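Shown next: final-v5.txt, containing compact mmCIF, C-alpha atoms and all ligand atoms.
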# COMPACT_ATOMS: atom_id res chain seq x y z
CA MET C 1 -82.91 -135.50 90.23
CA LEU C 2 -85.60 -133.69 92.26
CA GLN C 3 -88.90 -133.21 90.47
CA ILE C 4 -91.76 -131.28 91.98
CA THR C 5 -95.04 -131.22 90.12
CA ASP C 6 -98.15 -129.17 90.94
CA LEU C 7 -97.33 -129.07 94.63
CA THR C 8 -100.01 -127.44 96.79
CA LYS C 9 -100.04 -126.94 100.56
CA LYS C 10 -102.73 -125.12 102.49
CA TYR C 11 -102.91 -124.02 106.10
CA LYS C 12 -106.66 -123.84 106.63
CA ASP C 13 -107.80 -121.08 104.21
CA LEU C 14 -104.32 -119.92 103.29
CA THR C 15 -102.74 -121.51 100.25
CA ALA C 16 -99.07 -121.23 101.21
CA VAL C 17 -97.84 -123.17 98.17
CA ASP C 18 -99.98 -123.04 95.07
CA ARG C 19 -99.43 -125.61 92.30
CA ILE C 20 -95.72 -125.11 91.96
CA SER C 21 -93.54 -127.20 89.67
CA PHE C 22 -89.81 -127.19 89.20
CA GLN C 23 -86.90 -129.51 88.75
CA VAL C 24 -83.48 -129.52 90.34
CA ASN C 25 -80.84 -131.14 88.16
CA GLN C 26 -77.97 -133.30 89.36
CA GLY C 27 -74.97 -131.23 90.45
CA GLU C 28 -76.51 -127.78 90.28
CA ILE C 29 -77.21 -125.08 92.84
CA PHE C 30 -80.85 -124.29 92.22
CA GLY C 31 -82.08 -121.01 93.71
CA PHE C 32 -85.47 -120.70 95.34
CA LEU C 33 -85.92 -116.99 95.74
CA GLY C 34 -88.76 -115.11 97.37
CA PRO C 35 -89.71 -112.61 100.08
CA ASN C 36 -90.98 -113.38 103.60
CA GLY C 37 -94.02 -115.60 103.57
CA ALA C 38 -93.56 -116.61 99.91
CA GLY C 39 -93.82 -120.31 100.72
CA LYS C 40 -90.16 -121.34 100.68
CA THR C 41 -90.01 -123.13 104.03
CA THR C 42 -93.37 -124.77 103.41
CA THR C 43 -92.01 -126.20 100.15
CA ILE C 44 -88.85 -127.46 101.87
CA ASN C 45 -90.89 -129.04 104.64
CA CYS C 46 -93.00 -130.85 102.07
CA ILE C 47 -89.88 -132.16 100.32
CA CYS C 48 -88.31 -133.49 103.51
CA GLY C 49 -91.51 -135.02 104.78
CA LEU C 50 -92.21 -132.70 107.73
CA LEU C 51 -95.43 -131.59 106.05
CA LYS C 52 -97.87 -133.55 103.96
CA PRO C 53 -98.85 -131.71 100.78
CA ASP C 54 -102.50 -131.37 99.84
CA SER C 55 -101.76 -132.36 96.27
CA GLY C 56 -98.95 -132.75 93.79
CA THR C 57 -95.98 -135.05 93.51
CA ILE C 58 -92.37 -134.97 94.67
CA THR C 59 -89.87 -137.46 93.35
CA LEU C 60 -86.17 -137.90 93.93
CA ASP C 61 -84.47 -139.93 91.22
CA ASP C 62 -87.93 -141.09 90.15
CA GLN C 63 -88.76 -142.39 93.61
CA ASP C 64 -91.83 -141.04 95.39
CA MET C 65 -90.98 -138.80 98.34
CA ILE C 66 -94.49 -138.31 99.70
CA GLY C 67 -95.33 -140.97 102.20
CA GLY C 68 -92.17 -142.47 100.80
CA GLY C 69 -89.54 -144.49 102.47
CA ASN C 70 -86.68 -143.49 104.71
CA ARG C 71 -84.39 -144.98 102.11
CA VAL C 72 -85.04 -142.05 99.81
CA ARG C 73 -84.81 -139.64 102.70
CA GLN C 74 -81.26 -140.85 103.44
CA MET C 75 -80.32 -139.21 100.17
CA LEU C 76 -81.59 -135.90 101.44
CA GLY C 77 -80.09 -133.41 103.91
CA VAL C 78 -81.97 -130.47 105.38
CA VAL C 79 -80.51 -127.37 106.96
CA PRO C 80 -83.43 -125.64 108.66
CA GLN C 81 -83.97 -121.90 108.80
CA GLU C 82 -83.86 -121.99 112.60
CA VAL C 83 -80.57 -123.23 114.00
CA ALA C 84 -81.07 -126.65 115.60
CA LEU C 85 -78.09 -127.29 117.89
CA TYR C 86 -77.41 -128.14 121.51
CA GLU C 87 -75.89 -125.00 123.01
CA GLU C 88 -74.20 -126.77 125.92
CA PHE C 89 -72.46 -129.28 123.64
CA ASN C 90 -69.44 -128.60 121.48
CA ALA C 91 -69.34 -128.96 117.70
CA ILE C 92 -68.07 -132.55 117.72
CA GLU C 93 -70.74 -133.66 120.20
CA ASN C 94 -73.46 -131.99 118.18
CA LEU C 95 -72.29 -133.68 115.00
CA GLN C 96 -72.00 -137.04 116.79
CA PHE C 97 -75.60 -136.65 117.87
CA TRP C 98 -76.85 -135.96 114.33
CA GLY C 99 -74.65 -138.69 112.88
CA GLY C 100 -76.04 -141.15 115.42
CA LEU C 101 -79.56 -140.45 114.18
CA TYR C 102 -78.43 -141.67 110.77
CA GLY C 103 -76.78 -144.74 112.24
CA LEU C 104 -73.21 -143.52 111.75
CA LYS C 105 -70.60 -144.68 114.24
CA GLY C 106 -66.96 -145.55 114.88
CA ALA C 107 -64.22 -144.51 112.51
CA ALA C 108 -66.70 -143.56 109.80
CA ILE C 109 -68.36 -140.84 111.87
CA LYS C 110 -65.02 -139.62 113.18
CA SER C 111 -63.57 -139.02 109.74
CA ARG C 112 -66.83 -137.54 108.47
CA ILE C 113 -66.91 -135.06 111.37
CA GLN C 114 -63.30 -134.05 110.75
CA LYS C 115 -64.07 -133.44 107.07
CA LEU C 116 -67.08 -131.29 107.89
CA LEU C 117 -65.21 -129.27 110.52
CA ASP C 118 -62.50 -128.55 107.95
CA LEU C 119 -65.04 -127.69 105.28
CA THR C 120 -66.91 -125.27 107.52
CA GLY C 121 -63.75 -123.79 109.05
CA LEU C 122 -64.70 -124.82 112.58
CA ALA C 123 -61.87 -127.26 113.33
CA ASP C 124 -60.06 -124.79 115.64
CA ARG C 125 -63.10 -124.25 117.84
CA ALA C 126 -64.56 -127.75 117.65
CA LYS C 127 -64.18 -128.47 121.36
CA GLU C 128 -65.85 -125.31 122.57
CA ALA C 129 -69.50 -125.19 123.66
CA VAL C 130 -71.78 -123.95 120.89
CA LYS C 131 -73.21 -121.25 123.16
CA ASN C 132 -69.88 -119.39 122.77
CA TYR C 133 -70.11 -119.40 118.97
CA SER C 134 -70.95 -116.40 116.84
CA GLY C 135 -74.12 -116.44 114.77
CA GLY C 136 -72.12 -117.25 111.64
CA MET C 137 -70.34 -120.18 113.31
CA LYS C 138 -73.64 -121.60 114.51
CA ARG C 139 -75.03 -121.38 111.00
CA ARG C 140 -72.00 -123.20 109.60
CA LEU C 141 -72.27 -125.95 112.22
CA ASN C 142 -76.00 -126.20 111.49
CA MET C 143 -75.08 -126.79 107.87
CA ALA C 144 -72.50 -129.44 108.79
CA ALA C 145 -75.16 -131.22 110.88
CA GLY C 146 -77.55 -131.29 107.91
CA MET C 147 -75.00 -133.03 105.72
CA ILE C 148 -73.45 -135.43 108.24
CA HIS C 149 -74.79 -138.46 106.33
CA GLU C 150 -73.39 -137.31 102.96
CA PRO C 151 -76.72 -136.60 101.30
CA ARG C 152 -76.76 -136.27 97.54
CA LEU C 153 -79.27 -133.44 97.73
CA LEU C 154 -78.98 -130.68 100.31
CA LEU C 155 -81.89 -128.35 101.10
CA LEU C 156 -80.65 -125.04 102.53
CA ASP C 157 -83.28 -122.77 104.06
CA GLU C 158 -81.94 -119.20 104.17
CA PRO C 159 -78.55 -120.19 105.60
CA THR C 160 -77.17 -116.64 105.72
CA VAL C 161 -79.95 -114.81 107.54
CA GLY C 162 -78.74 -112.74 110.47
CA ILE C 163 -75.00 -113.02 109.93
CA ASP C 164 -72.48 -110.30 109.12
CA PRO C 165 -71.17 -109.73 105.58
CA GLN C 166 -67.84 -111.47 106.18
CA ALA C 167 -69.45 -114.58 107.65
CA ARG C 168 -71.89 -114.54 104.78
CA HIS C 169 -69.08 -114.43 102.27
CA GLN C 170 -67.44 -117.46 103.95
CA MET C 171 -70.75 -119.27 103.96
CA LEU C 172 -71.25 -118.75 100.23
CA ASP C 173 -67.72 -120.02 99.58
CA THR C 174 -68.42 -123.15 101.61
CA ILE C 175 -71.63 -123.75 99.69
CA ARG C 176 -69.76 -123.46 96.40
CA GLN C 177 -67.25 -126.03 97.66
CA ILE C 178 -70.01 -128.41 98.71
CA ALA C 179 -71.50 -128.17 95.24
CA ALA C 180 -68.10 -128.60 93.60
CA GLN C 181 -67.68 -131.85 95.52
CA GLY C 182 -70.79 -133.19 93.84
CA THR C 183 -73.70 -132.40 96.17
CA THR C 184 -76.81 -131.01 94.52
CA ILE C 185 -78.23 -127.99 96.34
CA LEU C 186 -81.62 -126.37 96.63
CA TYR C 187 -80.79 -122.90 97.91
CA THR C 188 -83.53 -120.84 99.51
CA THR C 189 -83.01 -117.13 99.99
CA HIS C 190 -84.59 -113.72 99.89
CA TYR C 191 -81.31 -112.11 98.85
CA MET C 192 -81.23 -111.47 95.11
CA ASP C 193 -77.48 -111.01 95.07
CA GLU C 194 -76.90 -114.44 96.61
CA ALA C 195 -79.01 -116.08 93.96
CA GLU C 196 -77.09 -114.12 91.33
CA GLN C 197 -73.74 -115.23 92.72
CA LEU C 198 -74.52 -118.88 93.39
CA CYS C 199 -77.27 -120.25 91.24
CA SER C 200 -77.23 -121.50 87.69
CA ARG C 201 -80.99 -121.91 87.55
CA LEU C 202 -83.63 -120.49 89.81
CA ALA C 203 -87.28 -119.95 90.55
CA ILE C 204 -88.77 -116.74 91.86
CA ILE C 205 -91.67 -117.43 94.19
CA ASP C 206 -94.19 -115.05 95.73
CA HIS C 207 -97.50 -115.74 97.51
CA GLY C 208 -97.02 -119.45 96.93
CA ARG C 209 -96.66 -119.17 93.16
CA ILE C 210 -93.68 -119.42 90.87
CA LEU C 211 -93.44 -116.18 88.92
CA ALA C 212 -90.35 -116.98 86.90
CA LEU C 213 -88.24 -120.05 86.33
CA GLY C 214 -85.12 -120.71 84.33
CA THR C 215 -81.45 -119.83 84.01
CA GLN C 216 -80.42 -116.38 85.19
CA GLN C 217 -80.14 -115.34 81.57
CA GLU C 218 -83.64 -116.53 80.76
CA ILE C 219 -85.13 -114.79 83.77
CA GLN C 220 -83.20 -111.64 83.02
CA GLN C 221 -84.98 -111.41 79.68
CA ILE C 222 -88.15 -110.50 81.56
CA VAL C 223 -86.73 -107.02 82.01
CA GLY C 224 -84.42 -107.19 79.01
CA GLU C 225 -82.02 -104.28 78.67
CA ASN C 226 -84.26 -102.02 80.67
CA ARG C 227 -83.61 -99.92 83.73
CA LEU C 228 -86.34 -99.46 86.26
CA MET C 229 -86.96 -95.86 87.35
CA LYS C 230 -88.87 -95.39 90.57
CA ILE C 231 -89.99 -91.89 91.46
CA THR C 232 -91.39 -90.94 94.84
CA GLY C 233 -92.86 -87.50 95.33
CA THR C 234 -95.79 -85.37 94.33
CA PHE C 235 -97.14 -85.48 90.78
CA ASP C 236 -100.27 -85.28 88.74
CA LYS C 237 -101.51 -88.81 88.07
CA SER C 238 -102.77 -88.26 84.53
CA ARG C 239 -99.55 -86.51 83.55
CA ALA C 240 -97.55 -89.41 84.96
CA GLU C 241 -99.71 -91.79 82.93
CA SER C 242 -99.21 -89.86 79.71
CA LEU C 243 -95.44 -89.58 80.06
CA PRO C 244 -94.80 -92.64 77.85
CA ASP C 245 -96.51 -90.78 74.96
CA LYS C 246 -93.72 -88.23 75.13
CA MET C 247 -90.76 -90.56 75.35
CA LYS C 248 -90.29 -93.45 73.02
CA ASN C 249 -89.75 -96.83 74.75
CA LEU C 250 -90.73 -95.53 78.17
CA VAL C 251 -93.21 -97.94 79.80
CA LEU C 252 -95.38 -97.28 82.83
CA LEU C 253 -95.28 -100.30 85.16
CA SER C 254 -97.21 -99.20 88.21
CA ILE C 255 -98.60 -96.07 89.77
CA GLN C 256 -99.66 -95.26 93.30
CA GLU C 257 -100.46 -92.16 95.33
CA ASN C 258 -96.87 -90.94 95.72
CA GLU C 259 -94.91 -93.43 93.70
CA VAL C 260 -94.58 -94.32 90.05
CA LEU C 261 -92.50 -96.99 88.35
CA TYR C 262 -91.32 -96.88 84.73
CA SER C 263 -89.01 -99.00 82.66
CA LEU C 264 -86.60 -97.32 80.29
CA PRO C 265 -84.17 -98.95 77.84
CA MET C 266 -80.48 -98.64 78.71
CA LYS C 267 -79.86 -96.75 75.50
CA GLU C 268 -82.13 -93.84 76.46
CA THR C 269 -80.43 -91.19 78.57
CA THR C 270 -81.46 -90.52 82.14
CA GLY C 271 -80.97 -86.78 81.61
CA THR C 272 -83.73 -86.59 79.01
CA PHE C 273 -86.02 -88.56 81.27
CA LEU C 274 -85.31 -86.28 84.25
CA GLU C 275 -85.87 -83.16 82.18
CA MET C 276 -89.23 -84.52 81.11
CA LEU C 277 -90.26 -85.28 84.68
CA ILE C 278 -89.49 -81.74 85.74
CA LYS C 279 -91.31 -80.27 82.75
CA SER C 280 -94.34 -82.34 83.66
CA GLY C 281 -94.41 -80.80 87.12
CA PHE C 282 -93.04 -83.72 89.16
CA GLU C 283 -91.81 -82.72 92.59
CA ILE C 284 -89.26 -85.45 93.16
CA ASP C 285 -88.44 -86.60 96.69
CA ASN C 286 -86.52 -89.58 95.51
CA LEU C 287 -85.51 -91.14 92.21
CA SER C 288 -84.00 -94.60 92.18
CA ILE C 289 -82.58 -96.22 89.08
CA ARG C 290 -82.28 -99.99 88.98
CA GLU C 291 -79.99 -101.57 86.40
CA PRO C 292 -81.17 -104.86 84.85
CA SER C 293 -80.86 -107.53 87.58
CA LEU C 294 -82.90 -110.18 89.34
CA ASP C 295 -83.99 -107.38 91.64
CA SER C 296 -85.51 -105.43 88.80
CA VAL C 297 -87.14 -108.63 87.51
CA PHE C 298 -88.89 -109.03 90.84
CA ILE C 299 -90.03 -105.41 90.85
CA LYS C 300 -91.35 -105.75 87.34
CA LEU C 301 -93.22 -108.96 88.16
CA THR C 302 -94.76 -107.78 91.42
CA GLY C 303 -94.60 -103.98 91.36
CA ARG C 304 -92.74 -104.03 94.67
CA GLU C 305 -89.29 -104.61 96.04
CA LEU C 306 -88.19 -107.97 97.31
CA ARG C 307 -87.47 -106.72 100.81
CA ASP C 308 -90.78 -105.08 101.64
N1 LIG L 1 -97.79 -123.60 110.58
C1 LIG L 1 -98.41 -122.64 109.91
N2 LIG L 1 -99.72 -122.36 110.12
C2 LIG L 1 -100.36 -121.40 109.42
N3 LIG L 1 -99.78 -120.64 108.47
C3 LIG L 1 -98.48 -120.87 108.20
C4 LIG L 1 -97.72 -121.86 108.91
N4 LIG L 1 -96.47 -121.85 108.42
C5 LIG L 1 -96.43 -120.90 107.48
N5 LIG L 1 -97.63 -120.30 107.34
C6 LIG L 1 -97.97 -119.24 106.36
O1 LIG L 1 -97.72 -119.74 105.06
C7 LIG L 1 -97.13 -118.76 104.23
C8 LIG L 1 -95.80 -119.26 103.72
O2 LIG L 1 -94.91 -119.38 104.83
P1 LIG L 1 -93.44 -119.94 104.68
O3 LIG L 1 -92.88 -120.08 106.04
O4 LIG L 1 -93.43 -121.12 103.80
O5 LIG L 1 -92.72 -118.73 103.92
P2 LIG L 1 -91.18 -118.45 103.63
O6 LIG L 1 -91.07 -118.14 102.18
O7 LIG L 1 -90.36 -119.53 104.18
O8 LIG L 1 -90.95 -117.10 104.45
P3 LIG L 1 -89.65 -116.57 105.27
O9 LIG L 1 -88.75 -115.93 104.27
O10 LIG L 1 -90.24 -115.57 106.21
O11 LIG L 1 -89.05 -117.75 105.97
C9 LIG L 1 -97.05 -117.50 105.08
O12 LIG L 1 -98.15 -116.69 104.79
C10 LIG L 1 -97.09 -118.02 106.50
O13 LIG L 1 -97.64 -117.07 107.37
MG MG L 2 -88.89 -119.60 105.57
Have the structure of the file written as structure tokens, please.
Ligand SMILES: Nc1ncnc2c1ncn2[C@@H]1O[C@H](COP(=O)(O)OP(=O)(O)OP(=O)(O)O)[C@@H](O)[C@H]1O
Ligand SMILES: [Mg+2]
Amino acid sequence: MLQITDLTKKYKDLTAVDRISFQVNQGEIFGFLGPNGAGKTTTINCICGLLKPDSGTITLDDQDMIGGGNRVRQMLGVVPQEVALYEEFNAIENLQFWGGLYGLKGAAIKSRIQKLLDLTGLADRAKEAVKNYSGGMKRRLNMAAGMIHEPRLLLLDEPTVGIDPQARHQMLDTIRQIAAQGTTILYTTHYMDEAEQLCSRLAIIDHGRILALGTQQEIQQIVGENRLMKITGTFDKSRAESLPDKMKNLVLLSIQENEVLYSLPMKETTGTFLEMLIKSGFEIDNLSIREPSLDSVFIKLTGRELRD
């Protein structure tokens, strides 16, 4: 339903979004995964019309979104990264305000608000001023506000940042419910595990570029059945480089002053690998082993961890 083609957005000399293309299909939760500064919010702001792209096209159900009409925008809901609520008002008043902007009134807005309060688990506290809410409650109300007008496509910009694990768990459940009720979701996050839990298809973005795109299974194939072994410590560089000659299927991915990254098939034993490191004179401060996951895909693609 949402098609983005060759989208580019620059801030002066910085290309924040660099010729990205992807498609979000009707009814899916599409993950948009990347570290700080990757270009996620910039992309969302281009989709919802807050920013004008430098080039590229964005269509929703084949209708142009850039410079496009409010009619198309009615189909779209945005939940911004920063919570946008009136602290002095209660939940109902906040939702009435947002509903009013979309021209909702009377019985229609009343029943819509009740539905959203139930969905987000805020019904009990609906008459309390937002300033008394926990971070998680504010985030849930923020989400309700973004979908007051029953958009068909919901853009969520890192909705779980800064909330505790339990609130996060609730939030993910609510998002699943929203999707199950037929809303298509573009889900932005820098948490690999959230993308793994929620998303059928996803794109990994870094420095404004899409590095990988597809179903989780497809993306997983980038690392295949390989573990990533990261060693920090003191070692001889040329010996570290020649290690793959000594162990079949061991691949050197990146090497720095005090850190080296290898990939090793699941079938090879860690013990043999460790023995070899010690024989080659490695003084190991830390060894981390990453099982195949989206996390290890990111490390393989960029040589660094997602949460740098
Ligand atoms: N208004 C702006 N003016 C100049 N540069 C900007 C502006 N907004 C964002 N940037 C830069 O563009 C790049 C992409 O930023 P963006 O906010 O889209 O990233 P993000 O993926 O949403 O990151 P985060 O996870 O921190 O929210 C960054 O390098 C950022 O510093
Ligand atoms: Mg952002």
Sorted by chain and rising residue number, which residues of chain C lie within 12 Å of ligand MG 2 (chain L), and what are their closest atom pairs and distances in Å to one decimal, counting only C-alpha atoms and all ligand atoms, as a Markdown table?
| residue | atom | partner | partner_atom | distance |
| --- | --- | --- | --- | --- |
| C:Ala16 | CA | L:MG2 | MG | 11.2 |
| C:Phe32 | CA | L:MG2 | MG | 10.8 |
| C:Leu33 | CA | L:MG2 | MG | 10.6 |
| C:Gly34 | CA | L:MG2 | MG | 9.3 |
| C:Pro35 | CA | L:MG2 | MG | 8.9 |
| C:Asn36 | CA | L:MG2 | MG | 6.9 |
| C:Gly37 | CA | L:MG2 | MG | 6.8 |
| C:Ala38 | CA | L:MG2 | MG | 7.9 |
| C:Gly39 | CA | L:MG2 | MG | 7.0 |
| C:Lys40 | CA | L:MG2 | MG | 5.3 |
| C:Thr41 | CA | L:MG2 | MG | 4.0 |
| C:Thr42 | CA | L:MG2 | MG | 7.2 |
| C:Thr43 | CA | L:MG2 | MG | 9.1 |
| C:Ile44 | CA | L:MG2 | MG | 8.7 |
| C:Asn45 | CA | L:MG2 | MG | 9.7 |
| C:Val79 | CA | L:MG2 | MG | 11.5 |
| C:Pro80 | CA | L:MG2 | MG | 8.7 |
| C:Gln81 | CA | L:MG2 | MG | 6.3 |
| C:Glu82 | CA | L:MG2 | MG | 9.0 |
| C:Leu156 | CA | L:MG2 | MG | 10.3 |
| C:Asp157 | CA | L:MG2 | MG | 6.6 |
| C:Glu158 | CA | L:MG2 | MG | 7.1 |
| C:Pro159 | CA | L:MG2 | MG | 10.4 |
| C:Val161 | CA | L:MG2 | MG | 10.3 |
| C:Tyr187 | CA | L:MG2 | MG | 11.6 |
| C:Thr188 | CA | L:MG2 | MG | 8.2 |
| C:Thr189 | CA | L:MG2 | MG | 8.5 |
| C:His190 | CA | L:MG2 | MG | 9.2 |
| C:Ile205 | CA | L:MG2 | MG | 11.9 |
| C:Gly208 | CA | L:MG2 | MG | 11.9 |
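Nearest residue to ligand LIG 1 (chain L) among C:Met171, C:Val17, C:Thr160, C:Lys105 is C:Val17, counting all atoms listed in the file.
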*Pick out the closest residue to Ile58 of chain C from this set: C:Met1, C:Ile29, C:Lys138, C:Gln177. Count all atoms listed in the file.*
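Closest residue, counting all atoms listed in the file: C:Met1.
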Which residues of segment 213-276 of chain C come within 12 Å of segment 18-25 of chain C, and for each one, what is the closest pair of atoms and their distance in Å to one decimal, counting only C-alpha atoms, sorted by chain and residue number, as JSON lines?
{"residue": "C:Leu213", "atom": "CA", "partner": "C:Phe22", "partner_atom": "CA", "distance": 7.9}
{"residue": "C:Gly214", "atom": "CA", "partner": "C:Phe22", "partner_atom": "CA", "distance": 9.4}
{"residue": "C:Thr215", "atom": "CA", "partner": "C:Val24", "partner_atom": "CA", "distance": 11.8}
*asked:* What's the separation between atom CA of Glu218 of chain C and atom CA of Tyr262 of chain C, in Å to one decimal place?
replied: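 Answer for the atom CA of Glu218 of chain C to atom CA of Tyr262 of chain C separation: 21.5 Å.
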*Between C:Leu198, C:Leu51, C:Ala84, C:Leu7, which one has atoms that come closest to ligand LIG 1 (chain L), using all atoms listed in the file?*
C:Leu51
*Nearest to ligand LIG 1 (chain L) among C:Gln63, C:Ile204, C:Ile299, C:Gln181, with distances taken over all atoms listed in the file: which residue is it?*
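Residue with the minimum atom-to-atom distance to ligand LIG 1 (chain L): C:Ile204.
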